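Some notes on the structure that comes next.
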Amino acid sequence: MAAKQAYKNRIELLQGTLDMLILTTLQWGPRHGHAIGQQIRAGSGELLQVETGSLYPALHRLERQGWLASEWKLSEKNQRAKYYRLTTAGKKQLLAEESKWKLLVRAIGGVLKPAL
Amino acid sequence: MLYHRLKSLAYRTLRRPQAGRDLDEEIRAHLAIDTEERLDRGEPPAIAAQNARRALGNELLIKEVTREMWGWMAMERIWRDLFYAFRQLKRAPGFAAVAILSLTLGIGANTAIFSVLNATLLRLLPVPEPEDLFVLRQQAHTIIPQRFSYPMFLRLRDAKPGASGVAAMSRVARAQASLEAAGQSEIATFQLVSGEFFGVLGLSPALGRLLAPGDNEDIGGHPVAVISHGYWHRAFAGSMDVAGRKVRLNGTLFTIVGVAPEGFRGLWLESPTDVWIPIVMQNNVHYSQNFSSHQDADPEKPWPPQEFVEWLDVLVRVKPASAFAVRNVLNTAFLRSQDNITGHLAAGARRYFLERSLILDPFRRGASNLRQRWTSPLFAMMAMVGLVLLIACANAANLLLARSEGRRREIAVRLSIGASRGRLIQQLLTESFLLVAAATVLGLLLARWASDALVRMAVGSITGPPPFTTGVDEHVLMFAIAISIIPGFLFSLAPALRATRLEIGTAMKTASRSAFTGSRFSAAKLLVAAQVALSLLVVCGAGLFARSLRNLAQQDLGFDREHVLTVWMDPRSAGYNAGQLPGLYQRLVERVQIVPGVHSAAVSVCGLVVECRSITGDVKISGYQPAPGEDVRIQYNYAGPRYFSTVGMHLLSGRDFTSRDSGTRFVIVNQATVRRYFANRNPLGQRFGENLESEIIGVVQDARVNRVREPAVPMAYWPLEGNLVYAGSLEVHAAGNPSAIAMDVRKALHNVAPDLPIERITPLELQVDQSLNLERMGTFVTSAFGVLALGLACFGLYGVMSYAVSRRTSEIGVRMALGAQPANVLWAILKEALALVALGLGIGVPAAILASHSIAALLYGIQPNDPVTLLSTVGILTSVAVSAGVWPAWRASRVNPVAALRHE
């Protein structure tokens, strides 16, 4: 039973975080899927590697939830690609996620500090 | 739920190619961009594309996961589950068959009873906006509500009440009908209607035209008819040139002008109408039933112009919102007319006409004589059959529990390799859903067949078509789905939840046989105890009904039912006039009396046990002072000479009529009259009648002339002689078996009066029997439910006990190895079964005592908490349950200790 619980937590944490990272990336303007992946990797100093297998399902899910909108455009290199951008609901969601994240970081930090 | 899924499926299916292409293209674009960046970074072209693809990972998996996000995978999953469930059930055909069978019986029986209930109590008339139809009734304090005369209908119609239509109609009557070409006559039903009738109903013809106001003007002058769709096919084979053809009804030729729309079978549920003819034709077809006549009326003359023959029902079409206003206008017009036409009557007689008021009764379901009598029996049966469904559901749940128990390992394996619990429950539910769906379909088929059979049984026309069809309409369908899906879901959810709630480790480590937690067993035991309790209720109810029926069948009726043959005849519709009647009666009786085997014969107006009630009100009785406002009412009949000895009613005092008695000079009353009106006085020689015109010359014993259930009411008999009345019944007292002489009697009657319609010749015993058809049907149905309930409960008990034995095989083996005798083992197991039965009875007996009071009104000659019935039910249940427990117990006692121990 205990093992199962832990497994579930890990999934949720990752999923929620990926959603937040995608939303953050998109607040500077529309991007296509590849660019989003690259930017997260670069922004994290190559620490976070976003699997394509997680990225696209996440993008589609966020779009279904109404936080992202998409359209097909030509890239700077003249390649047709699907560009995602934040919707108003998406911006609100990003703010909510950010504050939740900061809270979490502060809370965990508070717990860890005495041990340091 | 299903609807949304279907909608989602449709949406996804339509969008699918588009969305799929979109995703493919997105992945392609990703690859292209990645490849290009790799080239920019200086990777060799040959391996850049390969690397990009490798970095992307499993392209198919990405697509599938993404697609699942869209949701249409859910639908495919359901199909897969259905297919999987089907395969699972195919692997356990015994389980599937038993589960489906018990659910089918439960659902089928419920749906069948509901179909009958739906057809008799719920179904609306097949006309546009049936809610706007009302029928006009009269209310009065003392008298029986009356019908309307034709002139009164005309005045009501012309009062312009603000209704969208007012029409008049007679009751549905039977007639000798023959087609112009074929001389052979058969019975057809007809109804006399005013020209507004079809307009008020809002019907349009299937062929030709319907009757219009112009068809109903001159007395006897409009021999036109509209026939029903059914009659058109039956008598004219659906011929398109039927308009203009002719049909003869009771001797008068009618020209058919049109065919009523299909599906419209008239307004009387149990008497579908074949032919509609104008009211003005009343005398031409000798219609004479359900009427009241007074003082100035002459029922021999055509009725339509007469003020004092009240014989019509008035239909009103009005929006329910304005019904009250319309009623007020009609009521005012009615009372003003009553006042006008009774101006010449004495004050006492006028009261009868003036103390009435009108009400509008909803008519959206049409009329029916059955409805009132059937309502409470139907609801009682519905309740009992509901219990049967519960038992069946408990059975199915038990089977599911046992089955999921057998699949513990499979489920544990699937959970441990990552299947989610929700997903597994979904799959288990799909399996139950498949079972329930199959049972629902089969149950509907069963109900379709059974419900018509029930109606036939209840009205006693075993061979002919049922008087009305029950059919599967949207109500029945909804009902069947509701009673199958909801309990089906509930009863399969619990086993599914239980099956998937287990510790993976323990379940996998231990052998499935001994991985017994105990909870499944107590759940199953509780279900079986509940089944026993429920079946006790059903069996007890069936027992009460069966004993009521026996009491009814053995009730002393006050006449000799074993030796009397009763002949239904109809001299009126054959066109005999009043002057010919005495001669006809004499010839009939004299001719029948010389038939070998006939003891005596006599005619009367009303037959026995046919609910032919002629009642007169406002009777005066010498020496009896009615209470204030009391209406002295008495049922009467006219009897020919030797009537009482023929039907076996004993004359208790005084004398019988002789051939010299005629008119209303002398009257014979029954004991009930004496008890009611002559407390302790000698009635002989007392006077009686509207004007004390009759002298009581005899007292005859009480007889149940109306219904077996109905105790004798005060009755008066006048001699047929000298009263111009149409006799409807000829009673023949046979020396031996009455059915043996039926053919000879028919021949004799045909001999004397070849044109006299003989509707039927029945032994009185059979007639009494048939009057109990509804009770017989109820008893049959509830007994069948009882057997079904017993069988299901028995099966449940057997299943649980078998399981218990198989679970304890090793334990029993140990005990026997240690020296336990087979008898001890047998008793130990049997004791367990008996404990379950005792628990069930402990709940069931008090419940039965409480519940049986709700059917008290349907019982006869027996108390609802009758101890004999209750005790014998308990006895039956116990013995049946014990026999269900004996086999597993016996098997347990035969366990081979060595084999059982090696088994582990």
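Identifiers in this document derive from the order of the structure tokens: chains are assigned A, B, ..., residues are numbered from 1 separately in each chain, and ligands are numbered from 1 in order of occurrence.
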Please, which residues in chain B fall within 6 Å of chain A when counting only C-alpha atoms, and what is the closest atom pair and distance in Å to one decimal for each, ordered by chain then residue number, as JSON lines?
```
{"residue": "B:Ala29", "atom": "CA", "partner": "A:Ala81", "partner_atom": "CA", "distance": 5.6}
{"residue": "B:His30", "atom": "CA", "partner": "A:His34", "partner_atom": "CA", "distance": 5.6}
{"residue": "B:Leu56", "atom": "CA", "partner": "A:Thr52", "partner_atom": "CA", "distance": 5.7}
{"residue": "B:Ile62", "atom": "CA", "partner": "A:Gly53", "partner_atom": "CA", "distance": 4.8}
{"residue": "B:Thr66", "atom": "CA", "partner": "A:Pro57", "partner_atom": "CA", "distance": 4.3}
```
Mind the document's chain letters and residue numbers, and return as a VMD selection string the residues of range 276-370 of chain B that DSSP labels strand (DSSP E or B). chain B and resid 276 to 278 292 to 293 309 to 310 312 to 317 357 to 362 367
Output for the residues just chosen: C-alpha atoms as a PDB file, in the first residue's frame:
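Below is the file that was written, result-v8.pdb:
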```pdb
ATOM      1  CA  TRP B 276     -70.003   3.576 -35.062  1.00  0.00           C
ATOM      2  CA  ILE B 277     -73.483   4.628 -36.115  1.00  0.00           C
ATOM      3  CA  PRO B 278     -75.552   7.776 -35.537  1.00  0.00           C
ATOM      4  CA  SER B 292     -82.846   4.705 -16.809  1.00  0.00           C
ATOM      5  CA  SER B 293     -86.386   5.565 -17.590  1.00  0.00           C
ATOM      6  CA  VAL B 309     -84.899   8.039 -21.124  1.00  0.00           C
ATOM      7  CA  GLU B 310     -81.432   8.767 -19.836  1.00  0.00           C
ATOM      8  CA  LEU B 312     -76.068   8.793 -23.153  1.00  0.00           C
ATOM      9  CA  ASP B 313     -72.646   9.807 -21.929  1.00  0.00           C
ATOM     10  CA  VAL B 314     -71.532  13.302 -22.833  1.00  0.00           C
ATOM     11  CA  LEU B 315     -67.959  13.963 -23.919  1.00  0.00           C
ATOM     12  CA  VAL B 316     -66.505  17.451 -23.622  1.00  0.00           C
ATOM     13  CA  ARG B 317     -63.256  18.696 -25.114  1.00  0.00           C
ATOM     14  CA  SER B 357     -75.147  18.686 -10.186  1.00  0.00           C
ATOM     15  CA  LEU B 358     -72.681  18.163 -12.978  1.00  0.00           C
ATOM     16  CA  ILE B 359     -68.963  17.551 -12.807  1.00  0.00           C
ATOM     17  CA  LEU B 360     -66.334  17.055 -15.491  1.00  0.00           C
ATOM     18  CA  ASP B 361     -64.366  13.869 -15.062  1.00  0.00           C
ATOM     19  CA  PRO B 362     -61.034  13.501 -16.865  1.00  0.00           C
ATOM     20  CA  ALA B 367     -63.560   4.350 -19.998  1.00  0.00           C
TER      21      ALA B 367
END
```
Can you tell me, as a list in words, what residues are no more than 9 Å from Asn398 in chain B when counting only C-alpha atoms, ignoring any on the same chain fewer than 2 positions away?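 Once the nearby chain positions are removed, what remains is Cys393, Ala394, Asn395, Ala396, Leu400, Leu401, Ala402, Arg403, Phe491, Pro495, Ala523, Ala524, Leu527, Val528, Gly796, Gly799 and Val800 of chain B.
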Residues from the last selection, C-alpha atoms, saved as an mmCIF file, in the first residue's frame:
```cif
data_model
loop_
_atom_site.group_PDB
_atom_site.id
_atom_site.type_symbol
_atom_site.label_atom_id
_atom_site.label_comp_id
_atom_site.auth_asym_id
_atom_site.auth_seq_id
_atom_site.Cartn_x
_atom_site.Cartn_y
_atom_site.Cartn_z
ATOM 1 C CA CYS B 393 -31.004 -9.635 -7.827
ATOM 2 C CA ALA B 394 -29.709 -11.094 -4.585
ATOM 3 C CA ASN B 395 -29.091 -14.317 -6.451
ATOM 4 C CA ALA B 396 -27.187 -12.550 -9.178
ATOM 5 C CA LEU B 400 -21.060 -12.398 -8.811
ATOM 6 C CA LEU B 401 -19.555 -12.533 -5.349
ATOM 7 C CA ALA B 402 -18.714 -16.200 -5.712
ATOM 8 C CA ARG B 403 -17.275 -15.575 -9.121
ATOM 9 C CA PHE B 491 -25.980 -5.386 -7.094
ATOM 10 C CA PRO B 495 -19.106 -7.407 -5.511
ATOM 11 C CA ALA B 523 -22.229 -10.963 2.824
ATOM 12 C CA ALA B 524 -23.404 -14.022 0.947
ATOM 13 C CA LEU B 527 -28.095 -12.194 1.042
ATOM 14 C CA VAL B 528 -29.398 -15.736 1.421
ATOM 15 C CA GLY B 796 -28.969 -19.180 -3.355
ATOM 16 C CA GLY B 799 -24.750 -22.095 -3.706
ATOM 17 C CA VAL B 800 -23.659 -20.693 -0.375
#
```
Taking the backbone alone, and naming residues the way the document does, which bits of chain A are alpha helix (DSSP H) by DSSP, as a PyMOL selection string? chain A and resi 2-26+33-43+52-64+88-112
Selection to disk with C-alpha atoms, as an mmCIF file, in the first residue's frame:
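See selection-v2.cif below for the written result:
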```
data_model
loop_
_atom_site.group_PDB
_atom_site.id
_atom_site.type_symbol
_atom_site.label_atom_id
_atom_site.label_comp_id
_atom_site.auth_asym_id
_atom_site.auth_seq_id
_atom_site.Cartn_x
_atom_site.Cartn_y
_atom_site.Cartn_z
ATOM 1 C CA ALA A 2 2.696 2.451 1.026
ATOM 2 C CA ALA A 3 4.688 1.853 -2.140
ATOM 3 C CA LYS A 4 1.719 2.634 -4.284
ATOM 4 C CA GLN A 5 1.088 5.908 -2.499
ATOM 5 C CA ALA A 6 4.624 7.124 -3.090
ATOM 6 C CA TYR A 7 4.453 6.235 -6.751
ATOM 7 C CA LYS A 8 1.307 8.271 -7.143
ATOM 8 C CA ASN A 9 2.867 11.333 -5.491
ATOM 9 C CA ARG A 10 5.819 11.286 -7.820
ATOM 10 C CA ILE A 11 3.571 11.285 -10.886
ATOM 11 C CA GLU A 12 1.511 14.157 -9.610
ATOM 12 C CA LEU A 13 4.493 16.255 -8.698
ATOM 13 C CA LEU A 14 6.075 15.839 -12.076
ATOM 14 C CA GLN A 15 2.882 16.462 -13.952
ATOM 15 C CA GLY A 16 2.023 19.620 -12.086
ATOM 16 C CA THR A 17 5.541 20.926 -12.433
ATOM 17 C CA LEU A 18 5.735 20.276 -16.137
ATOM 18 C CA ASP A 19 2.470 22.124 -16.646
ATOM 19 C CA MET A 20 3.831 25.097 -14.738
ATOM 20 C CA LEU A 21 7.087 25.062 -16.665
ATOM 21 C CA ILE A 22 5.240 25.007 -19.988
ATOM 22 C CA LEU A 23 3.044 27.891 -18.926
ATOM 23 C CA THR A 24 6.065 29.880 -17.725
ATOM 24 C CA THR A 25 7.883 29.346 -20.987
ATOM 25 C CA LEU A 26 4.933 30.576 -22.963
ATOM 26 C CA GLY A 33 6.612 22.232 -29.020
ATOM 27 C CA HIS A 34 10.299 21.770 -29.850
ATOM 28 C CA ALA A 35 11.207 25.260 -28.748
ATOM 29 C CA ILE A 36 9.330 24.822 -25.457
ATOM 30 C CA GLY A 37 11.300 21.676 -24.743
ATOM 31 C CA GLN A 38 14.606 23.361 -25.607
ATOM 32 C CA GLN A 39 13.868 26.417 -23.558
ATOM 33 C CA ILE A 40 13.027 24.405 -20.431
ATOM 34 C CA ARG A 41 16.255 22.472 -20.864
ATOM 35 C CA ALA A 42 18.333 25.594 -21.421
ATOM 36 C CA GLY A 43 16.564 27.536 -18.614
ATOM 37 C CA THR A 52 8.871 14.394 -25.852
ATOM 38 C CA GLY A 53 6.565 11.627 -24.716
ATOM 39 C CA SER A 54 5.492 13.798 -21.792
ATOM 40 C CA LEU A 55 5.624 17.153 -23.535
ATOM 41 C CA TYR A 56 3.092 16.611 -26.299
ATOM 42 C CA PRO A 57 0.445 14.894 -24.174
ATOM 43 C CA ALA A 58 0.851 17.745 -21.668
ATOM 44 C CA LEU A 59 0.473 20.386 -24.388
ATOM 45 C CA HIS A 60 -2.697 18.715 -25.661
ATOM 46 C CA ARG A 61 -4.086 18.370 -22.188
ATOM 47 C CA LEU A 62 -3.416 22.026 -21.371
ATOM 48 C CA GLU A 63 -5.051 23.018 -24.618
ATOM 49 C CA ARG A 64 -8.111 20.938 -23.757
ATOM 50 C CA THR A 88 -6.201 34.538 -20.375
ATOM 51 C CA ALA A 89 -7.251 31.540 -18.323
ATOM 52 C CA GLY A 90 -3.764 30.154 -18.823
ATOM 53 C CA LYS A 91 -2.185 33.352 -17.442
ATOM 54 C CA LYS A 92 -4.371 33.124 -14.349
ATOM 55 C CA GLN A 93 -3.474 29.494 -13.961
ATOM 56 C CA LEU A 94 0.237 30.364 -14.232
ATOM 57 C CA LEU A 95 -0.065 32.940 -11.451
ATOM 58 C CA ALA A 96 -1.845 30.430 -9.279
ATOM 59 C CA GLU A 97 0.735 27.732 -9.952
ATOM 60 C CA GLU A 98 3.603 30.124 -9.315
ATOM 61 C CA SER A 99 2.321 31.251 -5.958
ATOM 62 C CA LYS A 100 1.561 27.668 -5.033
ATOM 63 C CA TRP A 101 5.088 26.684 -6.010
ATOM 64 C CA LYS A 102 6.684 29.519 -4.021
ATOM 65 C CA LEU A 103 4.651 28.527 -1.015
ATOM 66 C CA LEU A 104 5.767 24.949 -1.408
ATOM 67 C CA VAL A 105 9.405 25.932 -1.763
ATOM 68 C CA ARG A 106 9.227 28.157 1.296
ATOM 69 C CA ALA A 107 7.499 25.438 3.276
ATOM 70 C CA ILE A 108 9.952 22.736 2.311
ATOM 71 C CA GLY A 109 12.813 25.128 2.852
ATOM 72 C CA GLY A 110 11.515 25.861 6.315
ATOM 73 C CA VAL A 111 11.378 22.221 7.110
ATOM 74 C CA LEU A 112 14.851 21.491 5.753
#
```
Just how far from CA of Leu192 in chain B is CA of Asn283 in chain B, in Å to one decimal?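 Separation between CA of Asn283 in chain B and CA of Leu192 in chain B: 10.7 Å.
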By how many Å are CA of Thr255 in chain B and CA of Pro223 in chain B apart?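 About the pair CA of Thr255 in chain B and CA of Pro223 in chain B: they are 6.2 Å apart.
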Please measure the separation of CA of Thr673 in chain B and CA of Val713 in chain B, giving the value in Å to one decimal.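 CA of Val713 in chain B lies 7.4 Å from CA of Thr673 in chain B.
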Spatial neighbours of Phe489 in chain B, 8 Å, only C-alpha atoms, chain gap at least 4 places, as a list in words: Leu429, Ser432, Phe433, Ile485 and Leu493 of chain B
Please determine, counting only C-alpha atoms, which residue among A:Val50, A:Thr87, A:Lys113, A:Gly45 has the shortest atom-to-atom distance to Leu68 in chain A.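 Of all the options, A:Thr87 lies closest to Leu68 in chain A.
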So, with only C-alpha atoms as the atoms that count, which of B:Ser522, B:Gln176, B:Ser573, B:Gln338 lies closest to Gly728 in chain B?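 Under the stated criterion, the closest residue is B:Ser573.
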I want to know what sits within 8 Å of range 328-333 of chain B, based on only C-alpha atoms, with residues of the same chain fewer than 2 positions away left out; could you give that as a ChimeraX atom specification? /B:155-156,159,161,324-326,335-337,357-359
Please list as a list of chain:residue names every residue within 8 Å of range 593-595 of chain B, counting only C-alpha atoms and excluding residues in the same chain fewer than 3 positions away.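 Counting only the stated atoms, we get B:Val589, B:Glu590, B:Val598, B:His599, B:Ser600, B:Ala601, B:Asp744, B:Val745, B:Ala748.
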